[in-house]
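Shown next, in structure tokens, is the structure this report addresses.
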Amino acid sequence: MQRRGFLGGLAALYGAGAFGLCLPLGATPPHAGRDHANDWRWLQGNWNVRHRRLQERLVADTRWVDFTGTSAVWLTLGGLGTIDDNLMQLPGGAYRGLGVRAFDPASATWAIWWLDGRAPSRFEAPVRGGFSGTGGSFRGADSFKGQPIQVWFRWHDIHAAQPWWEQAFSADNGVHWEVNWRNWFTRTAAIPSPLPLQSDAPRDFDFLVGRWTVQHQRLRERLSGSNRWDHFDGTLHNWPVLGGFGNVGDNVMNFPAATVRGMGIRAWDASSGQWSSWWLDGRDPTRIGAPVRGGFVDGIGTFMGDDQLRGQPIRTRVIWSRITSRSARWEQAASADGGATWETNWISDFERQA
């Protein structure tokens, strides 16, 4: 809950009336017919960020803390998704976090998830909303100290030289709001580049950073005795995040019937000694799929997780192998008997682009 940590005092504090938070406000849906692939293009690049947040939560605290940070933002999913990697110089030490965004055409809304670098095994509940004019509004539900709260993100002056973001919370279902965090952004580069890596970051996925051409083989039907495979190509652009304790890949797959996009998101949890690996499918951008978890031994990465197929529970296994400086293989298999037997259903061979 760090990014959404309830850092607020009362709305009347710190000039809260200037934020327009005295009345409940719902997310403004995007305009019909808008080119949503450009919704976040103004945020692409690298930024210096000036932060101001409240120290305490739900105690009418008036003590605000100022600190600096940096941010790197990439567009993904052909512009219908983004990744933003954040480094914040908190008074108690550096803090890293990852934002993931995806647009859902069915509801015409964006979902925004947050991954706390100190609790990297799960994503927080999303906020959802969209843009109108020069601002954006995003709302969602969460909890604080076991109590339900409403979460509200707002972006302002998004096309100005210094766009800014604020966060607020409500403990009474949106009747009153508490502002607890504001960020002011100053661009340092139009083309994003990774933030500095930490010296103690795991090196397991260093091989995957960069741009790749991919040859895919995918079983048409899983766990049904099928031996019919589709063959198609694609690309991957992967970059490190969370100081090297995570990495994100933007995938384009040229399926026989249509082009499909997706995001692979990975984060290392030092407490468990495991990587978590999630998939966000561009065809179902309302959710981030259940993770597989695991690690590398002798250059082979093995990751396991639970999933469902046709309403039945299955086990999923992912293996990374044949890793060189210019190539790698990824394989996915499924088991309907708890791992006693496995059926490989997808093989992807990676070749680094020059």
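Here's how to read the names in the structure tokens: chain A, B, ... by the order shown, residue numbers from 1 in each chain, ligand numbers from 1 in the order shown.
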Can you list, as a PDB file with C-alpha atoms, in the first residue's frame, every protein, DNA or RNA residue that comes within 10 Å of Asp204 in chain A when you count only C-alpha atoms, leaving out same-chain residues fewer than 4 positions away?
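So result_26.pdb came out as:
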```
ATOM      1  CA  LEU A 208      16.455 -10.742 -22.098  1.00  0.00           C
ATOM      2  CA  GLY A 244      16.950  -4.527 -12.033  1.00  0.00           C
ATOM      3  CA  PHE A 245      14.693  -6.345  -9.572  1.00  0.00           C
ATOM      4  CA  TRP A 268      12.087 -10.604  -7.892  1.00  0.00           C
ATOM      5  CA  TRP A 275      10.620 -14.438  -9.445  1.00  0.00           C
ATOM      6  CA  GLY A 295      13.870 -19.141 -10.587  1.00  0.00           C
ATOM      7  CA  PHE A 296      17.026 -20.226 -12.383  1.00  0.00           C
ATOM      8  CA  VAL A 297      19.326 -23.162 -11.666  1.00  0.00           C
ATOM      9  CA  GLY A 299      21.099 -21.446 -16.525  1.00  0.00           C
ATOM     10  CA  ILE A 300      17.617 -22.991 -16.748  1.00  0.00           C
ATOM     11  CA  GLY A 301      14.614 -21.025 -15.485  1.00  0.00           C
TER      12      GLY A 301
END
```
Non-local contacts of Pro240 in chain A (9 Å; only C-alpha atoms; under 6 positions in same chain excluded) as a list in words: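 The residues that qualify are Pro194, Leu195, Leu197, Phe205, Asp206, Val209, Gly246, Asn247, Val248 and Gly249 of chain A.
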Write out as a PDB file with C-alpha atoms, in the first residue's frame all residues of range 83-303 of chain A that backbone DSSP assigns to strand (DSSP E or B).
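File part.pdb, as written:
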```
ATOM      1  CA  ILE A  83       4.814   0.913 -18.085  1.00  0.00           C
ATOM      2  CA  ASP A  84       6.223   3.536 -15.759  1.00  0.00           C
ATOM      3  CA  ASP A  85       9.219   2.786 -13.581  1.00  0.00           C
ATOM      4  CA  ASN A  86       9.697   5.026 -10.563  1.00  0.00           C
ATOM      5  CA  LEU A  87      12.528   5.812  -8.139  1.00  0.00           C
ATOM      6  CA  MET A  88      11.634   7.983  -5.134  1.00  0.00           C
ATOM      7  CA  GLN A  89      14.137   9.357  -2.647  1.00  0.00           C
ATOM      8  CA  LEU A  90      12.015   8.990   0.472  1.00  0.00           C
ATOM      9  CA  GLY A  93      15.678   5.708   1.847  1.00  0.00           C
ATOM     10  CA  ALA A  94      15.148   5.039  -1.844  1.00  0.00           C
ATOM     11  CA  TYR A  95      11.869   3.419  -2.851  1.00  0.00           C
ATOM     12  CA  ARG A  96      10.966   1.894  -6.220  1.00  0.00           C
ATOM     13  CA  GLY A  97       7.604   1.079  -7.722  1.00  0.00           C
ATOM     14  CA  LEU A  98       6.091   0.105 -11.045  1.00  0.00           C
ATOM     15  CA  GLY A  99       2.899   1.355 -12.683  1.00  0.00           C
ATOM     16  CA  VAL A 100       1.098  -0.706 -15.350  1.00  0.00           C
ATOM     17  CA  ARG A 101      -1.715   0.735 -17.463  1.00  0.00           C
ATOM     18  CA  ALA A 102      -3.995  -0.858 -20.068  1.00  0.00           C
ATOM     19  CA  PHE A 103      -6.993   0.398 -22.035  1.00  0.00           C
ATOM     20  CA  ASP A 104     -10.195  -1.648 -22.291  1.00  0.00           C
ATOM     21  CA  THR A 109     -11.636   3.019 -19.586  1.00  0.00           C
ATOM     22  CA  TRP A 110      -8.026   2.680 -18.520  1.00  0.00           C
ATOM     23  CA  ALA A 111      -6.966   0.414 -15.655  1.00  0.00           C
ATOM     24  CA  ILE A 112      -3.906   1.387 -13.589  1.00  0.00           C
ATOM     25  CA  TRP A 113      -2.126  -1.137 -11.364  1.00  0.00           C
ATOM     26  CA  TRP A 114       0.732  -0.504  -8.915  1.00  0.00           C
ATOM     27  CA  LEU A 115       3.517  -2.912  -7.911  1.00  0.00           C
ATOM     28  CA  ASP A 116       5.347  -1.913  -4.718  1.00  0.00           C
ATOM     29  CA  VAL A 127      -8.064   2.297 -10.376  1.00  0.00           C
ATOM     30  CA  ARG A 128     -10.055   2.898 -13.577  1.00  0.00           C
ATOM     31  CA  GLY A 129     -11.065   5.939 -15.563  1.00  0.00           C
ATOM     32  CA  GLY A 130     -10.009   8.145 -18.446  1.00  0.00           C
ATOM     33  CA  PHE A 131      -9.176  11.585 -19.801  1.00  0.00           C
ATOM     34  CA  SER A 132     -11.188  14.679 -20.585  1.00  0.00           C
ATOM     35  CA  GLY A 135      -6.817  16.069 -17.240  1.00  0.00           C
ATOM     36  CA  GLY A 136      -7.594  12.514 -16.224  1.00  0.00           C
ATOM     37  CA  SER A 137      -9.599  10.966 -13.410  1.00  0.00           C
ATOM     38  CA  PHE A 138      -9.260   7.388 -12.134  1.00  0.00           C
ATOM     39  CA  ARG A 139     -11.139   5.767  -9.257  1.00  0.00           C
ATOM     40  CA  GLY A 140     -11.028   2.436  -7.446  1.00  0.00           C
ATOM     41  CA  ALA A 141     -11.588   0.572  -4.189  1.00  0.00           C
ATOM     42  CA  ASP A 142      -8.915  -0.579  -1.743  1.00  0.00           C
ATOM     43  CA  SER A 143      -8.460  -0.990   2.008  1.00  0.00           C
ATOM     44  CA  PHE A 144      -6.432   0.632   4.770  1.00  0.00           C
ATOM     45  CA  GLN A 147     -11.170  -0.807   6.419  1.00  0.00           C
ATOM     46  CA  PRO A 148     -12.520  -0.183   2.895  1.00  0.00           C
ATOM     47  CA  ILE A 149     -11.501   3.065   1.204  1.00  0.00           C
ATOM     48  CA  GLN A 150     -11.978   4.705  -2.176  1.00  0.00           C
ATOM     49  CA  VAL A 151      -8.893   5.709  -4.160  1.00  0.00           C
ATOM     50  CA  TRP A 152      -8.764   8.626  -6.599  1.00  0.00           C
ATOM     51  CA  PHE A 153      -5.969   9.577  -8.998  1.00  0.00           C
ATOM     52  CA  ARG A 154      -6.079  12.828 -10.978  1.00  0.00           C
ATOM     53  CA  TRP A 155      -3.771  14.136 -13.681  1.00  0.00           C
ATOM     54  CA  HIS A 156      -3.686  17.857 -14.466  1.00  0.00           C
ATOM     55  CA  TRP A 164       1.115  17.026 -12.254  1.00  0.00           C
ATOM     56  CA  TRP A 165      -0.610  14.170 -10.457  1.00  0.00           C
ATOM     57  CA  GLU A 166      -2.445  13.935  -7.168  1.00  0.00           C
ATOM     58  CA  GLN A 167      -3.805  11.137  -5.040  1.00  0.00           C
ATOM     59  CA  ALA A 168      -6.737  11.238  -2.623  1.00  0.00           C
ATOM     60  CA  PHE A 169      -8.684   8.785  -0.481  1.00  0.00           C
ATOM     61  CA  SER A 170     -12.149   8.588   0.959  1.00  0.00           C
ATOM     62  CA  GLU A 178      -8.330  13.531   1.655  1.00  0.00           C
ATOM     63  CA  VAL A 179      -5.468  14.618  -0.586  1.00  0.00           C
ATOM     64  CA  ASN A 180      -2.256  12.890   0.443  1.00  0.00           C
ATOM     65  CA  TRP A 181       0.240  13.002  -2.430  1.00  0.00           C
ATOM     66  CA  ARG A 182       1.119  15.307  -5.321  1.00  0.00           C
ATOM     67  CA  ASN A 183       3.804  14.950  -8.017  1.00  0.00           C
ATOM     68  CA  TRP A 184       5.124  17.581 -10.441  1.00  0.00           C
ATOM     69  CA  PHE A 185       6.888  16.248 -13.547  1.00  0.00           C
ATOM     70  CA  THR A 186       9.723  17.878 -15.527  1.00  0.00           C
ATOM     71  CA  ARG A 187      10.786  16.064 -18.683  1.00  0.00           C
ATOM     72  CA  THR A 188      14.467  15.153 -19.122  1.00  0.00           C
ATOM     73  CA  ALA A 189      14.204  13.005 -22.283  1.00  0.00           C
ATOM     74  CA  GLY A 210      16.768  -5.521 -25.651  1.00  0.00           C
ATOM     75  CA  ARG A 211      14.888  -6.169 -28.891  1.00  0.00           C
ATOM     76  CA  TRP A 212      14.168  -9.626 -30.266  1.00  0.00           C
ATOM     77  CA  THR A 213      12.647 -11.391 -33.247  1.00  0.00           C
ATOM     78  CA  VAL A 214      10.600 -14.397 -32.121  1.00  0.00           C
ATOM     79  CA  GLN A 215       9.471 -17.578 -33.870  1.00  0.00           C
ATOM     80  CA  HIS A 216       6.425 -19.118 -32.174  1.00  0.00           C
ATOM     81  CA  GLN A 217       4.874 -22.583 -32.244  1.00  0.00           C
ATOM     82  CA  ARG A 218       1.511 -22.832 -30.516  1.00  0.00           C
ATOM     83  CA  LEU A 219      -0.705 -25.878 -30.028  1.00  0.00           C
ATOM     84  CA  TRP A 229       0.354 -26.485 -34.299  1.00  0.00           C
ATOM     85  CA  ASP A 230       0.288 -22.915 -35.575  1.00  0.00           C
ATOM     86  CA  HIS A 231       3.585 -21.318 -36.597  1.00  0.00           C
ATOM     87  CA  PHE A 232       3.962 -17.519 -36.607  1.00  0.00           C
ATOM     88  CA  ASP A 233       6.478 -14.806 -35.841  1.00  0.00           C
ATOM     89  CA  GLY A 234       6.605 -11.798 -33.560  1.00  0.00           C
ATOM     90  CA  THR A 235       8.805  -9.348 -31.687  1.00  0.00           C
ATOM     91  CA  LEU A 236       9.730  -8.538 -28.100  1.00  0.00           C
ATOM     92  CA  HIS A 237      11.115  -5.351 -26.565  1.00  0.00           C
ATOM     93  CA  ASN A 238      12.280  -5.955 -22.985  1.00  0.00           C
ATOM     94  CA  TRP A 239      13.785  -3.505 -20.483  1.00  0.00           C
ATOM     95  CA  PRO A 240      14.770  -3.624 -16.789  1.00  0.00           C
ATOM     96  CA  VAL A 241      12.654  -1.941 -14.103  1.00  0.00           C
ATOM     97  CA  GLY A 246      12.102  -6.517 -12.347  1.00  0.00           C
ATOM     98  CA  ASN A 247      11.756  -6.469 -16.111  1.00  0.00           C
ATOM     99  CA  VAL A 248       8.957  -5.847 -18.570  1.00  0.00           C
ATOM    100  CA  GLY A 249       8.447  -7.085 -22.119  1.00  0.00           C
ATOM    101  CA  ASP A 250       6.199  -5.645 -24.827  1.00  0.00           C
ATOM    102  CA  ASN A 251       5.187  -8.486 -27.151  1.00  0.00           C
ATOM    103  CA  VAL A 252       3.770  -8.475 -30.684  1.00  0.00           C
ATOM    104  CA  MET A 253       2.580 -11.863 -31.966  1.00  0.00           C
ATOM    105  CA  ASN A 254       1.395 -12.275 -35.550  1.00  0.00           C
ATOM    106  CA  THR A 259      -1.910  -9.592 -34.536  1.00  0.00           C
ATOM    107  CA  VAL A 260      -2.028  -9.985 -30.753  1.00  0.00           C
ATOM    108  CA  ARG A 261      -0.154  -7.864 -28.203  1.00  0.00           C
ATOM    109  CA  GLY A 262       0.698  -8.572 -24.602  1.00  0.00           C
ATOM    110  CA  MET A 263       2.931  -7.552 -21.719  1.00  0.00           C
ATOM    111  CA  GLY A 264       5.149  -9.866 -19.694  1.00  0.00           C
ATOM    112  CA  ILE A 265       5.945  -8.462 -16.234  1.00  0.00           C
ATOM    113  CA  ARG A 266       8.462  -9.990 -13.822  1.00  0.00           C
ATOM    114  CA  ALA A 267       9.617  -9.053 -10.329  1.00  0.00           C
ATOM    115  CA  TRP A 268      12.087 -10.604  -7.892  1.00  0.00           C
ATOM    116  CA  ASP A 269      10.997 -11.174  -4.292  1.00  0.00           C
ATOM    117  CA  GLN A 274      11.608 -16.321  -6.349  1.00  0.00           C
ATOM    118  CA  TRP A 275      10.620 -14.438  -9.445  1.00  0.00           C
ATOM    119  CA  SER A 276       6.941 -13.765 -10.133  1.00  0.00           C
ATOM    120  CA  SER A 277       5.978 -13.595 -13.800  1.00  0.00           C
ATOM    121  CA  TRP A 278       2.640 -12.162 -14.961  1.00  0.00           C
ATOM    122  CA  TRP A 279       0.997 -11.838 -18.374  1.00  0.00           C
ATOM    123  CA  LEU A 280      -1.356  -9.051 -19.469  1.00  0.00           C
ATOM    124  CA  ASP A 281      -3.175 -10.080 -22.660  1.00  0.00           C
ATOM    125  CA  VAL A 292       3.936 -18.296 -12.345  1.00  0.00           C
ATOM    126  CA  ARG A 293       6.775 -18.274  -9.823  1.00  0.00           C
ATOM    127  CA  GLY A 294      10.232 -19.766  -9.742  1.00  0.00           C
ATOM    128  CA  GLY A 295      13.870 -19.141 -10.587  1.00  0.00           C
ATOM    129  CA  PHE A 296      17.026 -20.226 -12.383  1.00  0.00           C
ATOM    130  CA  VAL A 297      19.326 -23.162 -11.666  1.00  0.00           C
ATOM    131  CA  ILE A 300      17.617 -22.991 -16.748  1.00  0.00           C
ATOM    132  CA  GLY A 301      14.614 -21.025 -15.485  1.00  0.00           C
ATOM    133  CA  THR A 302      11.586 -22.983 -14.231  1.00  0.00           C
ATOM    134  CA  PHE A 303       8.352 -21.279 -13.179  1.00  0.00           C
TER     135      PHE A 303
END
```
For Glu331 in chain A, find every residue with an atom within 10 Å (counting only C-alpha atoms), except residues of its own chain fewer than 4 positions away, and show them as number ranges by chain. A: 216-218, 302, 317-321, 344-349
How would the residues just chosen look if you wrote them out with all heavy atoms as a short mmCIF file (atom, residue, chain, number, x, y, z; two decimals), in the first residue's frame?
```cif
data_model
loop_
_atom_site.label_atom_id
_atom_site.label_comp_id
_atom_site.auth_asym_id
_atom_site.auth_seq_id
_atom_site.Cartn_x
_atom_site.Cartn_y
_atom_site.Cartn_z
N HIS A 216 7.33 -18.44 -33.09
CA HIS A 216 6.43 -19.12 -32.17
C HIS A 216 5.86 -20.39 -32.79
O HIS A 216 5.58 -20.45 -33.99
CB HIS A 216 5.24 -18.21 -31.83
CG HIS A 216 5.59 -16.95 -31.11
ND1 HIS A 216 5.78 -16.89 -29.75
CD2 HIS A 216 5.79 -15.68 -31.58
CE1 HIS A 216 6.07 -15.64 -29.40
NE2 HIS A 216 6.07 -14.89 -30.49
N GLN A 217 5.66 -21.39 -31.93
CA GLN A 217 4.87 -22.58 -32.24
C GLN A 217 3.84 -22.73 -31.14
O GLN A 217 4.20 -22.83 -29.97
CB GLN A 217 5.75 -23.84 -32.29
CG GLN A 217 6.92 -23.76 -33.23
CD GLN A 217 7.81 -24.97 -33.09
OE1 GLN A 217 7.39 -26.11 -33.31
NE2 GLN A 217 9.06 -24.73 -32.70
N ARG A 218 2.57 -22.77 -31.53
CA ARG A 218 1.51 -22.83 -30.52
C ARG A 218 0.53 -23.94 -30.84
O ARG A 218 0.02 -24.03 -31.97
CB ARG A 218 0.76 -21.50 -30.44
CG ARG A 218 -0.26 -21.43 -29.33
CD ARG A 218 -1.08 -20.17 -29.40
NE ARG A 218 -1.92 -20.12 -30.58
CZ ARG A 218 -3.06 -19.43 -30.67
NH1 ARG A 218 -3.46 -18.70 -29.64
NH2 ARG A 218 -3.76 -19.42 -31.79
N THR A 302 12.82 -22.20 -14.34
CA THR A 302 11.59 -22.98 -14.23
C THR A 302 10.60 -22.23 -13.35
O THR A 302 10.93 -21.83 -12.22
CB THR A 302 11.86 -24.37 -13.64
OG1 THR A 302 12.84 -25.04 -14.44
CG2 THR A 302 10.58 -25.21 -13.63
N ARG A 317 3.45 -24.57 -16.41
CA ARG A 317 4.90 -24.57 -16.23
C ARG A 317 5.55 -23.80 -17.38
O ARG A 317 5.19 -24.00 -18.54
CB ARG A 317 5.43 -26.01 -16.23
CG ARG A 317 6.95 -26.12 -16.01
CD ARG A 317 7.41 -27.56 -16.13
NE ARG A 317 7.31 -28.04 -17.50
CZ ARG A 317 7.39 -29.32 -17.85
NH1 ARG A 317 7.53 -30.25 -16.92
NH2 ARG A 317 7.31 -29.68 -19.13
N VAL A 318 6.48 -22.93 -17.04
CA VAL A 318 7.25 -22.18 -18.03
C VAL A 318 8.73 -22.48 -17.81
O VAL A 318 9.20 -22.47 -16.67
CB VAL A 318 6.98 -20.67 -17.90
CG1 VAL A 318 8.00 -19.87 -18.70
CG2 VAL A 318 5.57 -20.34 -18.37
N ILE A 319 9.45 -22.73 -18.90
CA ILE A 319 10.88 -23.02 -18.84
C ILE A 319 11.62 -22.10 -19.80
O ILE A 319 11.25 -22.01 -20.98
CB ILE A 319 11.18 -24.49 -19.18
CG1 ILE A 319 10.57 -25.42 -18.14
CG2 ILE A 319 12.69 -24.72 -19.28
CD1 ILE A 319 10.75 -26.89 -18.45
N TRP A 320 12.65 -21.41 -19.29
CA TRP A 320 13.60 -20.67 -20.12
C TRP A 320 14.87 -21.51 -20.26
O TRP A 320 15.40 -22.00 -19.26
CB TRP A 320 13.96 -19.33 -19.47
CG TRP A 320 12.92 -18.27 -19.59
CD1 TRP A 320 11.99 -17.92 -18.66
CD2 TRP A 320 12.72 -17.40 -20.70
NE1 TRP A 320 11.20 -16.89 -19.12
CE2 TRP A 320 11.64 -16.55 -20.39
CE3 TRP A 320 13.33 -17.26 -21.95
CZ2 TRP A 320 11.17 -15.57 -21.25
CZ3 TRP A 320 12.87 -16.28 -22.81
CH2 TRP A 320 11.80 -15.45 -22.46
N SER A 321 15.35 -21.67 -21.50
CA SER A 321 16.53 -22.51 -21.72
C SER A 321 17.26 -22.02 -22.97
O SER A 321 16.86 -21.03 -23.60
CB SER A 321 16.12 -23.97 -21.88
OG SER A 321 15.33 -24.15 -23.05
N THR A 344 3.31 -29.87 -23.54
CA THR A 344 3.85 -28.61 -24.04
C THR A 344 2.87 -28.02 -25.05
O THR A 344 2.41 -28.71 -25.97
CB THR A 344 5.21 -28.82 -24.69
OG1 THR A 344 6.12 -29.33 -23.71
CG2 THR A 344 5.76 -27.52 -25.26
N ASN A 345 2.54 -26.72 -24.87
CA ASN A 345 1.56 -26.11 -25.76
C ASN A 345 2.07 -24.86 -26.47
O ASN A 345 1.37 -24.32 -27.33
CB ASN A 345 0.26 -25.78 -25.01
CG ASN A 345 0.50 -24.92 -23.77
OD1 ASN A 345 1.05 -23.83 -23.85
ND2 ASN A 345 0.09 -25.43 -22.60
N TRP A 346 3.28 -24.39 -26.12
CA TRP A 346 3.80 -23.19 -26.77
C TRP A 346 5.33 -23.21 -26.68
O TRP A 346 5.88 -23.46 -25.60
CB TRP A 346 3.26 -21.93 -26.10
CG TRP A 346 3.29 -20.69 -26.94
CD1 TRP A 346 4.27 -20.28 -27.80
CD2 TRP A 346 2.28 -19.67 -27.00
NE1 TRP A 346 3.95 -19.08 -28.38
CE2 TRP A 346 2.72 -18.68 -27.91
CE3 TRP A 346 1.07 -19.48 -26.35
CZ2 TRP A 346 1.99 -17.53 -28.19
CZ3 TRP A 346 0.34 -18.34 -26.64
CH2 TRP A 346 0.79 -17.38 -27.55
N ILE A 347 5.99 -22.96 -27.79
CA ILE A 347 7.45 -22.84 -27.83
C ILE A 347 7.80 -21.57 -28.57
O ILE A 347 7.28 -21.33 -29.68
CB ILE A 347 8.10 -24.05 -28.53
CG1 ILE A 347 7.74 -25.37 -27.82
CG2 ILE A 347 9.61 -23.89 -28.60
CD1 ILE A 347 8.18 -26.61 -28.58
N SER A 348 8.65 -20.75 -27.98
CA SER A 348 9.07 -19.50 -28.59
C SER A 348 10.60 -19.45 -28.62
O SER A 348 11.26 -19.61 -27.59
CB SER A 348 8.55 -18.28 -27.82
OG SER A 348 7.14 -18.29 -27.75
N ASP A 349 11.16 -19.26 -29.82
CA ASP A 349 12.61 -19.15 -30.00
C ASP A 349 12.95 -17.69 -30.30
O ASP A 349 12.42 -17.11 -31.24
CB ASP A 349 13.07 -20.06 -31.11
CG ASP A 349 13.03 -21.53 -30.70
OD1 ASP A 349 13.64 -21.85 -29.67
OD2 ASP A 349 12.39 -22.33 -31.40
#
```
Gap from CA of Val49 in chain A to CA of Asp66 in chain A - Å, one decimal: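 So the two atoms, CA of Val49 in chain A and CA of Asp66 in chain A, lie 10.8 Å apart.
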